[in-house]
Amino acid sequence: MAGEPVNVNEFEELARKVLPKIYYDFFSGGAEDQYTLKENIEAFRRITIRPRILVDVSKIDMSTIILGHRTSAPIIVAPTSSHQLAHPEGEVATARGAAACNVIMGVAFTSTCTMEEVASSCKAVRFIQTFAFKREITANMVQRAERNGFRAIILTADTPRLGRKEADIKNKMIAPPFKNFEGLISTEAVSDKGSNVEAYAAETLDPSFCWKDIAWLKSITKLPILIKGVLTGEDATKAIEAGVAGIIVSNHGARQLDYTPATISVLEEVVHAVQGKVPVLFDGGIRRGTDIFKALALGAKAVLIGRPVIYGLAAKGETGVKQVIDMLKNELEQTMALAGCCTVDDITRSHVNTETERFLCRM
(Lines give C-alpha, C1' and ligand atoms only; values in the text may rest on other atoms or scores of the structure.)
Protein backbone atom coordinates (compact mmCIF):
# COMPACT_ATOMS: atom_id res chain seq x y z
CA MET A 1 0.00 0.00 0.00
CA ALA A 2 1.55 3.29 -1.14
CA GLY A 3 1.06 6.63 0.61
CA GLU A 4 -1.11 7.55 3.56
CA PRO A 5 -4.11 5.34 4.41
CA VAL A 6 -7.39 6.75 3.12
CA ASN A 7 -9.75 4.47 5.05
CA VAL A 8 -9.87 2.36 8.19
CA ASN A 9 -9.29 -0.92 6.37
CA GLU A 10 -5.93 0.35 5.15
CA PHE A 11 -4.93 0.99 8.76
CA GLU A 12 -5.50 -2.69 9.41
CA GLU A 13 -2.98 -3.52 6.69
CA LEU A 14 -0.46 -1.14 8.26
CA ALA A 15 -1.01 -2.79 11.64
CA ARG A 16 -0.55 -6.23 10.14
CA LYS A 17 2.86 -5.17 8.81
CA VAL A 18 4.18 -3.62 12.03
CA LEU A 19 2.81 -6.03 14.65
CA PRO A 20 4.34 -9.40 15.47
CA LYS A 21 2.03 -12.10 14.10
CA ILE A 22 1.11 -13.32 17.59
CA TYR A 23 -0.19 -9.85 18.53
CA TYR A 24 -1.92 -9.17 15.23
CA ASP A 25 -3.72 -12.50 15.58
CA PHE A 26 -4.67 -11.64 19.17
CA PHE A 27 -6.27 -8.34 18.17
CA SER A 28 -7.83 -9.39 14.87
CA GLY A 29 -9.01 -12.90 15.64
CA GLY A 30 -12.39 -14.29 16.68
CA ALA A 31 -13.72 -17.43 18.30
CA GLU A 32 -13.50 -20.89 16.71
CA ASP A 33 -14.63 -20.85 13.03
CA GLN A 34 -14.79 -17.04 13.05
CA TYR A 35 -18.21 -17.12 11.37
CA THR A 36 -19.51 -14.27 13.52
CA LEU A 37 -16.29 -12.30 12.98
CA LYS A 38 -16.93 -12.23 9.24
CA GLU A 39 -20.68 -11.69 9.63
CA ASN A 40 -20.24 -8.59 11.81
CA ILE A 41 -18.78 -6.83 8.79
CA GLU A 42 -20.64 -8.57 5.95
CA ALA A 43 -24.06 -7.88 7.45
CA PHE A 44 -23.56 -4.15 6.99
CA ARG A 45 -23.16 -4.69 3.25
CA ARG A 46 -26.66 -6.15 3.08
CA ILE A 47 -28.20 -2.89 4.36
CA THR A 48 -28.75 -0.12 1.84
CA ILE A 49 -29.24 3.62 2.38
CA ARG A 50 -32.33 5.54 1.18
CA PRO A 51 -31.10 9.12 0.68
CA ARG A 52 -33.21 12.28 0.48
CA ILE A 53 -32.31 14.88 -2.14
CA LEU A 54 -32.63 18.67 -2.27
CA VAL A 55 -32.14 19.12 1.46
CA ASP A 56 -30.18 22.12 2.77
CA VAL A 57 -27.07 20.35 4.08
CA SER A 58 -24.81 23.41 4.18
CA LYS A 59 -24.33 22.78 7.91
CA ILE A 60 -23.88 19.27 9.34
CA ASP A 61 -23.87 18.72 13.11
CA MET A 62 -22.75 15.25 14.21
CA SER A 63 -22.68 16.03 17.93
CA THR A 64 -24.80 14.09 20.40
CA ILE A 65 -25.28 13.62 24.14
CA ILE A 66 -24.49 10.26 25.76
CA LEU A 67 -25.45 9.83 29.42
CA GLY A 68 -25.37 13.60 29.79
CA HIS A 69 -22.00 14.07 28.10
CA ARG A 70 -21.83 16.04 24.85
CA THR A 71 -19.53 14.47 22.31
CA SER A 72 -18.45 15.62 18.85
CA ALA A 73 -19.91 12.55 17.13
CA PRO A 74 -21.86 9.41 18.08
CA ILE A 75 -18.60 7.49 18.51
CA ILE A 76 -17.14 5.86 21.63
CA VAL A 77 -13.73 4.21 21.76
CA ALA A 78 -14.60 0.65 22.78
CA PRO A 79 -12.90 -0.73 25.89
CA THR A 80 -10.35 -3.23 24.57
CA SER A 81 -7.48 -5.01 26.26
CA SER A 82 -3.69 -4.86 26.11
CA HIS A 83 -2.98 -1.72 24.10
CA GLN A 84 0.72 -1.83 24.99
CA LEU A 85 0.98 -4.90 22.77
CA ALA A 86 0.09 -2.54 19.92
CA HIS A 87 2.16 0.48 21.03
CA PRO A 88 4.46 1.19 24.00
CA GLU A 89 2.28 4.07 25.24
CA GLY A 90 -0.77 1.82 25.32
CA GLU A 91 -4.11 3.09 26.58
CA VAL A 92 -2.61 6.47 27.48
CA ALA A 93 -1.99 7.17 23.78
CA THR A 94 -5.45 5.88 22.88
CA ALA A 95 -7.11 8.13 25.47
CA ARG A 96 -5.20 11.16 24.23
CA GLY A 97 -6.33 10.44 20.69
CA ALA A 98 -9.93 10.14 21.88
CA ALA A 99 -9.64 13.39 23.81
CA ALA A 100 -8.24 15.20 20.76
CA CYS A 101 -11.32 14.10 18.80
CA ASN A 102 -13.72 14.92 21.64
CA VAL A 103 -15.19 11.43 21.86
CA ILE A 104 -15.74 9.20 24.90
CA MET A 105 -12.95 6.78 25.86
CA GLY A 106 -13.85 3.31 27.09
CA VAL A 107 -11.09 1.88 29.29
CA ALA A 108 -10.88 -1.86 29.90
CA PHE A 109 -10.00 -3.03 33.41
CA THR A 110 -7.74 -5.52 31.59
CA SER A 111 -5.72 -2.61 30.22
CA THR A 112 -1.93 -2.51 30.25
CA CYS A 113 -1.91 1.00 31.74
CA THR A 114 -3.59 1.58 35.09
CA MET A 115 -6.85 3.48 35.19
CA GLU A 116 -4.99 6.13 37.19
CA GLU A 117 -2.43 6.56 34.41
CA VAL A 118 -5.17 6.92 31.81
CA ALA A 119 -7.14 9.35 34.00
CA SER A 120 -4.15 11.64 34.51
CA SER A 121 -3.15 11.60 30.83
CA CYS A 122 -5.98 13.65 29.32
CA LYS A 123 -9.37 15.25 29.85
CA ALA A 124 -11.40 12.76 27.79
CA VAL A 125 -14.73 11.65 29.24
CA ARG A 126 -13.91 8.12 30.38
CA PHE A 127 -16.07 5.05 31.02
CA ILE A 128 -14.48 2.09 32.85
CA GLN A 129 -15.26 -1.44 31.69
CA THR A 130 -15.44 -4.46 33.96
CA PHE A 131 -16.31 -8.10 33.54
CA ALA A 132 -18.37 -10.12 35.99
CA PHE A 133 -15.34 -10.35 38.26
CA LYS A 134 -15.23 -11.73 41.76
CA ARG A 135 -16.75 -9.20 44.12
CA GLU A 136 -13.55 -8.01 45.81
CA ILE A 137 -12.05 -7.16 42.39
CA THR A 138 -15.20 -5.38 41.24
CA ALA A 139 -15.46 -3.37 44.47
CA ASN A 140 -11.83 -2.27 44.09
CA MET A 141 -12.45 -1.25 40.48
CA VAL A 142 -15.55 0.78 41.37
CA GLN A 143 -13.81 2.69 44.16
CA ARG A 144 -10.84 3.57 41.97
CA ALA A 145 -13.06 4.54 39.02
CA GLU A 146 -15.05 6.96 41.15
CA ARG A 147 -11.89 8.39 42.71
CA ASN A 148 -10.34 8.99 39.29
CA GLY A 149 -13.24 10.73 37.60
CA PHE A 150 -14.66 7.97 35.43
CA ARG A 151 -18.24 8.78 34.44
CA ALA A 152 -19.85 5.36 33.91
CA ILE A 153 -19.31 1.62 34.29
CA ILE A 154 -19.58 -0.74 31.34
CA LEU A 155 -20.42 -4.24 32.60
CA THR A 156 -19.42 -6.78 29.97
CA ALA A 157 -21.89 -9.57 30.68
CA ASP A 158 -21.16 -12.14 27.98
CA THR A 159 -18.04 -13.63 29.57
CA PRO A 160 -18.71 -16.18 32.32
CA ARG A 161 -15.68 -17.84 30.74
CA LEU A 162 -13.44 -16.90 27.83
CA GLY A 163 -14.27 -17.78 24.27
CA ARG A 164 -12.01 -20.20 22.43
CA LYS A 165 -9.70 -18.30 20.10
CA GLU A 166 -7.69 -20.95 18.31
CA ALA A 167 -5.03 -18.61 16.96
CA ASP A 168 -4.11 -17.63 20.53
CA ILE A 169 -3.87 -21.29 21.51
CA LYS A 170 -1.64 -22.14 18.53
CA ASN A 171 0.51 -19.07 19.11
CA LYS A 172 0.76 -19.81 22.85
CA MET A 173 -0.34 -16.24 23.47
CA ILE A 174 0.97 -14.87 26.76
CA ALA A 175 -1.12 -12.05 28.18
CA PRO A 176 0.84 -9.03 29.40
CA PRO A 177 0.60 -8.02 33.06
CA PHE A 178 -2.74 -6.31 33.61
CA LYS A 179 -1.65 -3.51 35.92
CA ASN A 180 -5.10 -2.81 37.36
CA PHE A 181 -4.95 -6.23 39.05
CA GLU A 182 -1.74 -5.51 40.95
CA GLY A 183 -2.28 -6.33 44.60
CA LEU A 184 -5.46 -8.24 43.79
CA ILE A 185 -4.11 -11.33 42.02
CA SER A 186 -0.80 -12.58 40.69
CA THR A 187 -0.08 -10.57 37.56
CA GLU A 188 2.76 -12.77 36.38
CA ALA A 189 2.25 -14.82 33.24
CA VAL A 190 1.15 -18.37 34.02
CA SER A 191 2.58 -21.06 31.79
CA ASP A 192 0.29 -23.76 30.46
CA LYS A 193 -0.18 -25.77 27.30
CA GLY A 194 -1.49 -22.83 25.28
CA SER A 195 -2.60 -19.28 25.94
CA ASN A 196 -2.17 -18.09 29.52
CA VAL A 197 -5.19 -15.80 29.22
CA GLU A 198 -7.37 -18.65 30.51
CA ALA A 199 -5.39 -18.64 33.76
CA TYR A 200 -6.20 -14.97 34.30
CA ALA A 201 -9.86 -15.68 33.66
CA ALA A 202 -10.01 -18.55 36.13
CA GLU A 203 -8.52 -16.36 38.85
CA THR A 204 -10.73 -13.32 38.27
CA LEU A 205 -14.10 -14.16 36.69
CA ASP A 206 -17.19 -15.14 38.69
CA PRO A 207 -19.23 -17.56 36.52
CA SER A 208 -22.10 -17.45 39.03
CA PHE A 209 -22.71 -13.72 38.42
CA CYS A 210 -26.31 -13.26 37.24
CA TRP A 211 -29.10 -10.67 36.89
CA LYS A 212 -29.70 -10.31 40.63
CA ASP A 213 -26.06 -9.32 41.13
CA ILE A 214 -26.58 -6.10 39.20
CA ALA A 215 -28.50 -4.86 42.25
CA TRP A 216 -25.34 -5.45 44.31
CA LEU A 217 -23.21 -3.58 41.75
CA LYS A 218 -25.65 -0.66 41.79
CA SER A 219 -25.52 -0.62 45.60
CA ILE A 220 -21.76 0.04 45.68
CA THR A 221 -21.58 2.85 43.12
CA LYS A 222 -23.30 6.05 42.12
CA LEU A 223 -22.04 5.73 38.56
CA PRO A 224 -24.49 4.76 35.81
CA ILE A 225 -24.12 1.17 34.60
CA LEU A 226 -24.19 0.17 30.95
CA ILE A 227 -24.61 -3.55 30.24
CA LYS A 228 -22.65 -4.85 27.25
CA GLY A 229 -23.32 -8.13 25.45
CA VAL A 230 -27.07 -7.95 24.86
CA LEU A 231 -28.20 -9.72 21.67
CA THR A 232 -31.88 -10.47 22.28
CA GLY A 233 -35.05 -8.63 23.12
CA GLU A 234 -35.50 -10.93 26.11
CA ASP A 235 -32.21 -9.88 27.69
CA ALA A 236 -32.88 -6.25 26.84
CA THR A 237 -36.11 -6.46 28.85
CA LYS A 238 -34.28 -8.06 31.78
CA ALA A 239 -31.65 -5.34 31.65
CA ILE A 240 -34.33 -2.65 31.89
CA GLU A 241 -35.91 -4.47 34.82
CA ALA A 242 -32.48 -4.62 36.51
CA GLY A 243 -32.25 -0.83 36.30
CA VAL A 244 -29.27 -0.31 33.99
CA ALA A 245 -28.68 3.13 32.51
CA GLY A 246 -27.96 1.88 29.01
CA ILE A 247 -27.55 -1.20 26.82
CA ILE A 248 -24.73 -2.06 24.44
CA VAL A 249 -25.66 -4.49 21.66
CA SER A 250 -22.49 -6.55 21.28
CA ASN A 251 -21.17 -10.03 20.59
CA HIS A 252 -17.76 -9.12 22.03
CA GLY A 253 -16.27 -8.51 18.60
CA ALA A 254 -17.03 -12.17 17.80
CA ARG A 255 -14.43 -13.26 20.36
CA GLN A 256 -16.77 -15.19 22.66
CA LEU A 257 -19.53 -17.44 21.24
CA ASP A 258 -19.21 -18.18 17.54
CA TYR A 259 -22.37 -18.39 15.40
CA THR A 260 -24.12 -15.63 17.29
CA PRO A 261 -25.76 -13.22 14.85
CA ALA A 262 -24.05 -10.13 13.53
CA THR A 263 -24.86 -7.35 15.96
CA ILE A 264 -26.34 -5.08 13.28
CA SER A 265 -28.88 -7.81 12.47
CA VAL A 266 -30.27 -7.84 16.05
CA LEU A 267 -29.96 -4.14 16.88
CA GLU A 268 -33.55 -3.36 15.93
CA GLU A 269 -34.93 -6.22 18.05
CA VAL A 270 -33.19 -4.79 21.10
CA VAL A 271 -34.29 -1.23 20.30
CA HIS A 272 -37.92 -2.34 20.07
CA ALA A 273 -37.69 -4.17 23.41
CA VAL A 274 -36.14 -1.14 25.14
CA GLN A 275 -38.88 1.22 23.89
CA GLY A 276 -36.74 4.31 24.43
CA LYS A 277 -36.38 3.78 28.20
CA VAL A 278 -32.56 3.89 28.06
CA PRO A 279 -30.05 4.60 25.29
CA VAL A 280 -29.03 1.67 23.12
CA LEU A 281 -25.41 1.70 21.94
CA PHE A 282 -23.97 -0.50 19.22
CA ASP A 283 -20.71 -2.47 19.01
CA GLY A 284 -19.36 -4.71 16.26
CA GLY A 285 -18.13 -4.45 12.69
CA ILE A 286 -17.99 -0.66 12.19
CA ARG A 287 -15.47 0.10 9.44
CA ARG A 288 -17.09 2.99 7.56
CA GLY A 289 -19.06 6.15 8.20
CA THR A 290 -21.89 4.49 6.28
CA ASP A 291 -21.86 1.72 8.90
CA ILE A 292 -22.32 4.31 11.65
CA PHE A 293 -25.18 5.88 9.69
CA LYS A 294 -26.90 2.49 9.30
CA ALA A 295 -26.60 1.72 13.03
CA LEU A 296 -28.06 5.11 13.95
CA ALA A 297 -30.91 4.59 11.49
CA LEU A 298 -31.73 1.27 13.14
CA GLY A 299 -31.97 2.93 16.55
CA ALA A 300 -28.50 3.15 18.08
CA LYS A 301 -27.62 6.30 20.03
CA ALA A 302 -23.90 5.85 19.30
CA VAL A 303 -21.42 3.22 18.17
CA LEU A 304 -18.33 1.72 19.78
CA ILE A 305 -15.14 1.39 17.73
CA GLY A 306 -12.75 -1.39 18.78
CA ARG A 307 -10.30 -3.00 16.37
CA PRO A 308 -9.90 0.03 14.04
CA VAL A 309 -8.63 2.11 16.98
CA ILE A 310 -6.13 -0.62 17.86
CA TYR A 311 -4.93 -0.72 14.24
CA GLY A 312 -4.44 3.05 14.26
CA LEU A 313 -2.56 2.81 17.55
CA ALA A 314 -0.30 0.06 16.23
CA ALA A 315 0.48 1.95 13.03
CA LYS A 316 1.02 5.46 14.35
CA GLY A 317 0.39 5.67 18.09
CA GLU A 318 -1.76 8.53 19.35
CA THR A 319 -1.72 10.13 15.89
CA GLY A 320 -3.06 6.94 14.34
CA VAL A 321 -5.90 6.76 16.87
CA LYS A 322 -6.86 10.32 16.03
CA GLN A 323 -6.65 9.65 12.30
CA VAL A 324 -8.92 6.60 12.53
CA ILE A 325 -11.56 8.48 14.54
CA ASP A 326 -11.33 11.50 12.24
CA MET A 327 -11.69 9.25 9.18
CA LEU A 328 -14.90 7.77 10.55
CA LYS A 329 -16.21 11.20 11.56
CA ASN A 330 -15.46 12.62 8.10
CA GLU A 331 -17.12 9.65 6.39
CA LEU A 332 -20.18 9.97 8.63
CA GLU A 333 -20.43 13.68 7.85
CA GLN A 334 -20.18 12.93 4.13
CA THR A 335 -22.86 10.22 4.39
CA MET A 336 -25.21 12.50 6.32
CA ALA A 337 -24.84 15.26 3.73
CA LEU A 338 -25.42 12.94 0.78
CA ALA A 339 -28.38 11.28 2.54
CA GLY A 340 -29.99 14.62 3.39
CA CYS A 341 -29.51 14.56 7.19
CA CYS A 342 -28.23 17.69 8.93
CA THR A 343 -28.12 16.25 12.48
CA VAL A 344 -27.94 12.77 13.93
CA ASP A 345 -31.56 13.15 15.04
CA ASP A 346 -32.51 13.52 11.38
CA ILE A 347 -31.30 9.97 10.70
CA THR A 348 -34.41 7.77 10.88
CA ARG A 349 -35.50 4.23 10.22
CA SER A 350 -36.79 5.28 6.81
CA HIS A 351 -33.22 6.04 5.71
CA VAL A 352 -32.24 2.35 5.39
CA ASN A 353 -33.52 -0.85 3.87
CA THR A 354 -32.54 -4.18 5.40
CA GLU A 355 -32.13 -7.41 3.46
CA THR A 356 -35.49 -8.64 4.79
CA GLU A 357 -37.28 -5.54 3.52
CA ARG A 358 -35.74 -5.88 0.07
CA PHE A 359 -36.75 -9.55 -0.02
CA LEU A 360 -40.34 -8.69 0.91
CA CYS A 361 -40.46 -6.01 -1.77
CA ARG A 362 -39.55 -8.62 -4.39
CA MET A 363 -42.33 -10.99 -3.34
# chains A, B, ... in the order shown; residues from 1 in each chain; ligands from 1

call {"tool": "residues_around", "arguments": {"residues": "Ala98 of chain A", "least_positions_apart": "2", "cutoff": "9 Å", "atoms": "only C-alpha atoms", "output": "list of chain:residue names"}}
result
A:Ile76, A:Val77, A:Ala93, A:Thr94, A:Ala95, A:Arg96, A:Ala100, A:Cys101, A:Asn102, A:Val103, A:Ile104, A:Met105, A:Ala124, A:Val125, A:Glu318, A:Val321, A:Lys322, A:Ile325

call {"tool": "select_by_dssp", "arguments": {"residues": "segment 129-184 of chain A", "states": "strand (DSSP E)", "output": "ChimeraX atom specification"}}
result
/A:129-130,152-156

call {"tool": "closest_residue", "arguments": {"among": "A:Ala245, A:Leu281, A:Leu217, A:Val18", "to": "Phe131 of chain A", "atoms": "only C-alpha atoms"}}
result
A:Leu217

call {"tool": "closest_residue", "arguments": {"among": "A:Ser265, A:Thr48, A:Phe293, A:Gly90", "to": "Asp346 of chain A", "atoms": "only C-alpha atoms"}}
result
A:Phe293

call {"tool": "select_by_dssp", "arguments": {"residues": "segment 42-181 of chain A", "states": "helix (DSSP H, G or I)", "output": "ChimeraX atom specification"}}
result
/A:42-45,83-85,90-100,115-121,135-147,166-171,179-181

call {"tool": "residues_around", "arguments": {"residues": "Leu205 of chain A", "least_positions_apart": "5", "cutoff": "6 Å", "atoms": "only C-alpha atoms", "output": "count of residues only"}}
result
3

call {"tool": "closest_residue", "arguments": {"among": "A:Glu91, A:Glu166, A:Asp206, A:Glu117", "to": "Glu136 of chain A", "atoms": "only C-alpha atoms"}}
result
A:Asp206

call {"tool": "atom_distance", "arguments": {"atom1": "atom CA of Lys316 of chain A", "atom2": "atom CA of Val92 of chain A"}}
result
13.7 Å

call {"tool": "closest_residue", "arguments": {"among": "A:Thr232, A:Ser81, A:Thr335, A:Gln275", "to": "Thr263 of chain A", "atoms": "only C-alpha atoms"}}
result
A:Thr232

call {"tool": "residues_around", "arguments": {"residues": "Asp33 of chain A", "least_positions_apart": "4", "cutoff": "12 Å", "atoms": "only C-alpha atoms", "output": "list in words"}}
result
Gly29, Leu37, Lys38, Glu39, Gly163, Arg164, Lys165, Glu166, Ala167, Ala254, Arg255, Gln256, Leu257, Asp258, Tyr259 and Thr260 of chain A

call {"tool": "write_last_selection", "arguments": {"atoms": "N, CA, C and O atoms", "output": "PDB file, in the first residue's frame"}}
result
ATOM      1  N   GLY A  29      -8.339 -11.615  15.709  1.00  0.00           N
ATOM      2  CA  GLY A  29      -9.012 -12.904  15.635  1.00  0.00           C
ATOM      3  C   GLY A  29     -10.336 -12.981  16.369  1.00  0.00           C
ATOM      4  O   GLY A  29     -10.671 -12.144  17.213  1.00  0.00           O
ATOM      5  N   LEU A  37     -17.271 -13.348  13.289  1.00  0.00           N
ATOM      6  CA  LEU A  37     -16.291 -12.296  12.984  1.00  0.00           C
ATOM      7  C   LEU A  37     -16.519 -11.758  11.578  1.00  0.00           C
ATOM      8  O   LEU A  37     -16.534 -10.542  11.359  1.00  0.00           O
ATOM      9  N   LYS A  38     -16.695 -12.655  10.623  1.00  0.00           N
ATOM     10  CA  LYS A  38     -16.926 -12.234   9.240  1.00  0.00           C
ATOM     11  C   LYS A  38     -18.306 -11.590   9.093  1.00  0.00           C
ATOM     12  O   LYS A  38     -18.476 -10.588   8.404  1.00  0.00           O
ATOM     13  N   GLU A  39     -19.309 -12.179   9.757  1.00  0.00           N
ATOM     14  CA  GLU A  39     -20.679 -11.687   9.627  1.00  0.00           C
ATOM     15  C   GLU A  39     -20.845 -10.275  10.186  1.00  0.00           C
ATOM     16  O   GLU A  39     -21.647  -9.497   9.671  1.00  0.00           O
ATOM     17  N   GLY A 163     -14.068 -17.074  25.522  1.00  0.00           N
ATOM     18  CA  GLY A 163     -14.272 -17.779  24.268  1.00  0.00           C
ATOM     19  C   GLY A 163     -12.984 -18.464  23.813  1.00  0.00           C
ATOM     20  O   GLY A 163     -11.886 -18.130  24.265  1.00  0.00           O
ATOM     21  N   ARG A 164     -13.149 -19.392  22.892  1.00  0.00           N
ATOM     22  CA  ARG A 164     -12.012 -20.204  22.433  1.00  0.00           C
ATOM     23  C   ARG A 164     -11.445 -19.613  21.135  1.00  0.00           C
ATOM     24  O   ARG A 164     -12.004 -19.803  20.053  1.00  0.00           O
ATOM     25  N   LYS A 165     -10.347 -18.905  21.262  1.00  0.00           N
ATOM     26  CA  LYS A 165      -9.695 -18.297  20.104  1.00  0.00           C
ATOM     27  C   LYS A 165      -8.495 -19.165  19.724  1.00  0.00           C
ATOM     28  O   LYS A 165      -7.463 -19.167  20.404  1.00  0.00           O
ATOM     29  N   GLU A 166      -8.657 -19.901  18.644  1.00  0.00           N
ATOM     30  CA  GLU A 166      -7.691 -20.950  18.314  1.00  0.00           C
ATOM     31  C   GLU A 166      -6.337 -20.396  17.906  1.00  0.00           C
ATOM     32  O   GLU A 166      -5.306 -21.022  18.156  1.00  0.00           O
ATOM     33  N   ALA A 167      -6.325 -19.203  17.327  1.00  0.00           N
ATOM     34  CA  ALA A 167      -5.031 -18.612  16.964  1.00  0.00           C
ATOM     35  C   ALA A 167      -4.202 -18.347  18.215  1.00  0.00           C
ATOM     36  O   ALA A 167      -2.982 -18.577  18.230  1.00  0.00           O
ATOM     37  N   ALA A 254     -17.066 -10.779  18.266  1.00  0.00           N
ATOM     38  CA  ALA A 254     -17.029 -12.169  17.796  1.00  0.00           C
ATOM     39  C   ALA A 254     -15.921 -12.979  18.461  1.00  0.00           C
ATOM     40  O   ALA A 254     -15.453 -13.973  17.910  1.00  0.00           O
ATOM     41  N   ARG A 255     -15.516 -12.582  19.659  1.00  0.00           N
ATOM     42  CA  ARG A 255     -14.426 -13.261  20.361  1.00  0.00           C
ATOM     43  C   ARG A 255     -14.919 -14.245  21.426  1.00  0.00           C
ATOM     44  O   ARG A 255     -14.120 -14.910  22.066  1.00  0.00           O
ATOM     45  N   GLN A 256     -16.239 -14.321  21.621  1.00  0.00           N
ATOM     46  CA  GLN A 256     -16.771 -15.191  22.657  1.00  0.00           C
ATOM     47  C   GLN A 256     -17.461 -16.414  22.057  1.00  0.00           C
ATOM     48  O   GLN A 256     -16.839 -17.428  21.839  1.00  0.00           O
ATOM     49  N   LEU A 257     -18.757 -16.315  21.784  1.00  0.00           N
ATOM     50  CA  LEU A 257     -19.529 -17.445  21.245  1.00  0.00           C
ATOM     51  C   LEU A 257     -19.659 -17.286  19.743  1.00  0.00           C
ATOM     52  O   LEU A 257     -20.275 -16.337  19.259  1.00  0.00           O
ATOM     53  N   ASP A 258     -19.081 -18.223  18.991  1.00  0.00           N
ATOM     54  CA  ASP A 258     -19.208 -18.179  17.542  1.00  0.00           C
ATOM     55  C   ASP A 258     -20.633 -18.572  17.142  1.00  0.00           C
ATOM     56  O   ASP A 258     -21.342 -19.247  17.884  1.00  0.00           O
ATOM     57  N   TYR A 259     -21.026 -18.142  15.961  1.00  0.00           N
ATOM     58  CA  TYR A 259     -22.366 -18.387  15.404  1.00  0.00           C
ATOM     59  C   TYR A 259     -23.470 -17.625  16.140  1.00  0.00           C
ATOM     60  O   TYR A 259     -24.644 -17.958  16.005  1.00  0.00           O
ATOM     61  N   THR A 260     -23.115 -16.616  16.908  1.00  0.00           N
ATOM     62  CA  THR A 260     -24.121 -15.633  17.286  1.00  0.00           C
ATOM     63  C   THR A 260     -24.352 -14.735  16.071  1.00  0.00           C
ATOM     64  O   THR A 260     -23.510 -14.664  15.177  1.00  0.00           O
TER      65      THR A 260
END

call {"tool": "atom_distance", "arguments": {"atom1": "atom CA of Arg45 of chain A", "atom2": "atom CA of Asp235 of chain A"}}
result
26.6 Å

call {"tool": "closest_residue", "arguments": {"among": "A:Glu146, A:Asp326, A:Glu331, A:Asp345", "to": "Leu296 of chain A", "atoms": "only C-alpha atoms"}}
result
A:Asp345

call {"tool": "atom_distance", "arguments": {"atom1": "atom CA of Asn180 of chain A", "atom2": "atom CA of Ile305 of chain A"}}
result
22.4 Å

call {"tool": "closest_residue", "arguments": {"among": "A:Ile220, A:Val197, A:Val280, A:Ala262", "to": "Ala236 of chain A", "atoms": "only C-alpha atoms"}}
result
A:Val280

call {"tool": "residues_around", "arguments": {"residues": "Ala239 of chain A", "least_positions_apart": "2", "cutoff": "12 Å", "atoms": "only C-alpha atoms", "output": "ChimeraX atom specification"}}
result
/A:155,157,210-215,225-237,241-249,270,273-274,277-280

call {"tool": "decode", "arguments": {"residues": "segment 331-342 of chain A", "atoms": "all heavy atoms", "output": "tab-separated table (two decimals), in the first residue's frame"}}
result
chain	number	residue	atom	x	y	z
A	331	GLU	N	-16.25	10.49	7.22
A	331	GLU	CA	-17.12	9.65	6.39
A	331	GLU	C	-18.58	9.76	6.83
A	331	GLU	O	-19.49	9.77	5.99
A	331	GLU	CB	-16.66	8.20	6.45
A	331	GLU	CG	-15.37	7.92	5.70
A	331	GLU	CD	-14.96	6.46	5.75
A	331	GLU	OE1	-15.74	5.62	6.26
A	331	GLU	OE2	-13.85	6.16	5.27
A	332	LEU	N	-18.81	9.82	8.14
A	332	LEU	CA	-20.18	9.97	8.63
A	332	LEU	C	-20.76	11.31	8.18
A	332	LEU	O	-21.91	11.39	7.72
A	332	LEU	CB	-20.24	9.86	10.15
A	332	LEU	CG	-21.61	10.13	10.78
A	332	LEU	CD1	-22.65	9.14	10.27
A	332	LEU	CD2	-21.52	10.10	12.31
A	333	GLU	N	-19.96	12.37	8.28
A	333	GLU	CA	-20.43	13.68	7.85
A	333	GLU	C	-20.78	13.67	6.36
A	333	GLU	O	-21.82	14.21	5.95
A	333	GLU	CB	-19.35	14.74	8.13
A	333	GLU	CG	-19.79	16.15	7.77
A	333	GLU	CD	-18.73	17.19	8.08
A	333	GLU	OE1	-17.54	16.82	8.20
A	333	GLU	OE2	-19.10	18.37	8.20
A	334	GLN	N	-19.93	13.05	5.57
A	334	GLN	CA	-20.18	12.93	4.13
A	334	GLN	C	-21.47	12.14	3.86
A	334	GLN	O	-22.31	12.55	3.05
A	334	GLN	CB	-18.99	12.23	3.46
A	334	GLN	CG	-19.18	11.90	1.99
A	334	GLN	CD	-18.80	13.05	1.09
A	334	GLN	OE1	-18.70	14.18	1.54
A	334	GLN	NE2	-18.61	12.76	-0.19
A	335	THR	N	-21.66	11.04	4.57
A	335	THR	CA	-22.86	10.22	4.39
A	335	THR	C	-24.11	10.99	4.77
A	335	THR	O	-25.12	10.95	4.06
A	335	THR	CB	-22.75	8.94	5.25
A	335	THR	OG1	-21.56	8.23	4.90
A	335	THR	CG2	-23.96	8.04	5.02
A	336	MET	N	-24.05	11.71	5.89
A	336	MET	CA	-25.21	12.50	6.32
A	336	MET	C	-25.57	13.55	5.28
A	336	MET	O	-26.76	13.73	4.94
A	336	MET	CB	-24.92	13.15	7.68
A	336	MET	CG	-24.89	12.17	8.84
A	336	MET	SD	-24.32	12.91	10.40
A	336	MET	CE	-25.59	14.17	10.69
A	337	ALA	N	-24.57	14.23	4.74
A	337	ALA	CA	-24.84	15.26	3.73
A	337	ALA	C	-25.47	14.65	2.48
A	337	ALA	O	-26.46	15.16	1.95
A	337	ALA	CB	-23.55	15.99	3.38
A	338	LEU	N	-24.92	13.55	2.01
A	338	LEU	CA	-25.42	12.94	0.78
A	338	LEU	C	-26.77	12.26	0.99
A	338	LEU	O	-27.52	12.04	0.03
A	338	LEU	CB	-24.39	11.94	0.24
A	338	LEU	CG	-23.07	12.56	-0.24
A	338	LEU	CD1	-22.11	11.48	-0.69
A	338	LEU	CD2	-23.32	13.56	-1.36
A	339	ALA	N	-27.08	11.91	2.25
A	339	ALA	CA	-28.38	11.28	2.54
A	339	ALA	C	-29.43	12.30	2.94
A	339	ALA	O	-30.60	11.95	3.14
A	339	ALA	CB	-28.21	10.25	3.66
A	340	GLY	N	-29.03	13.57	3.07
A	340	GLY	CA	-29.99	14.62	3.39
A	340	GLY	C	-30.31	14.73	4.87
A	340	GLY	O	-31.44	15.06	5.24
A	341	CYS	N	-29.31	14.49	5.73
A	341	CYS	CA	-29.51	14.56	7.19
A	341	CYS	C	-28.54	15.58	7.78
A	341	CYS	O	-27.33	15.40	7.70
A	341	CYS	CB	-29.27	13.19	7.83
A	341	CYS	SG	-30.40	11.90	7.27
A	342	CYS	N	-29.08	16.61	8.39
A	342	CYS	CA	-28.23	17.69	8.93
A	342	CYS	C	-27.75	17.41	10.34
A	342	CYS	O	-26.71	17.92	10.76
A	342	CYS	CB	-28.99	19.01	8.92
A	342	CYS	SG	-29.45	19.54	7.25
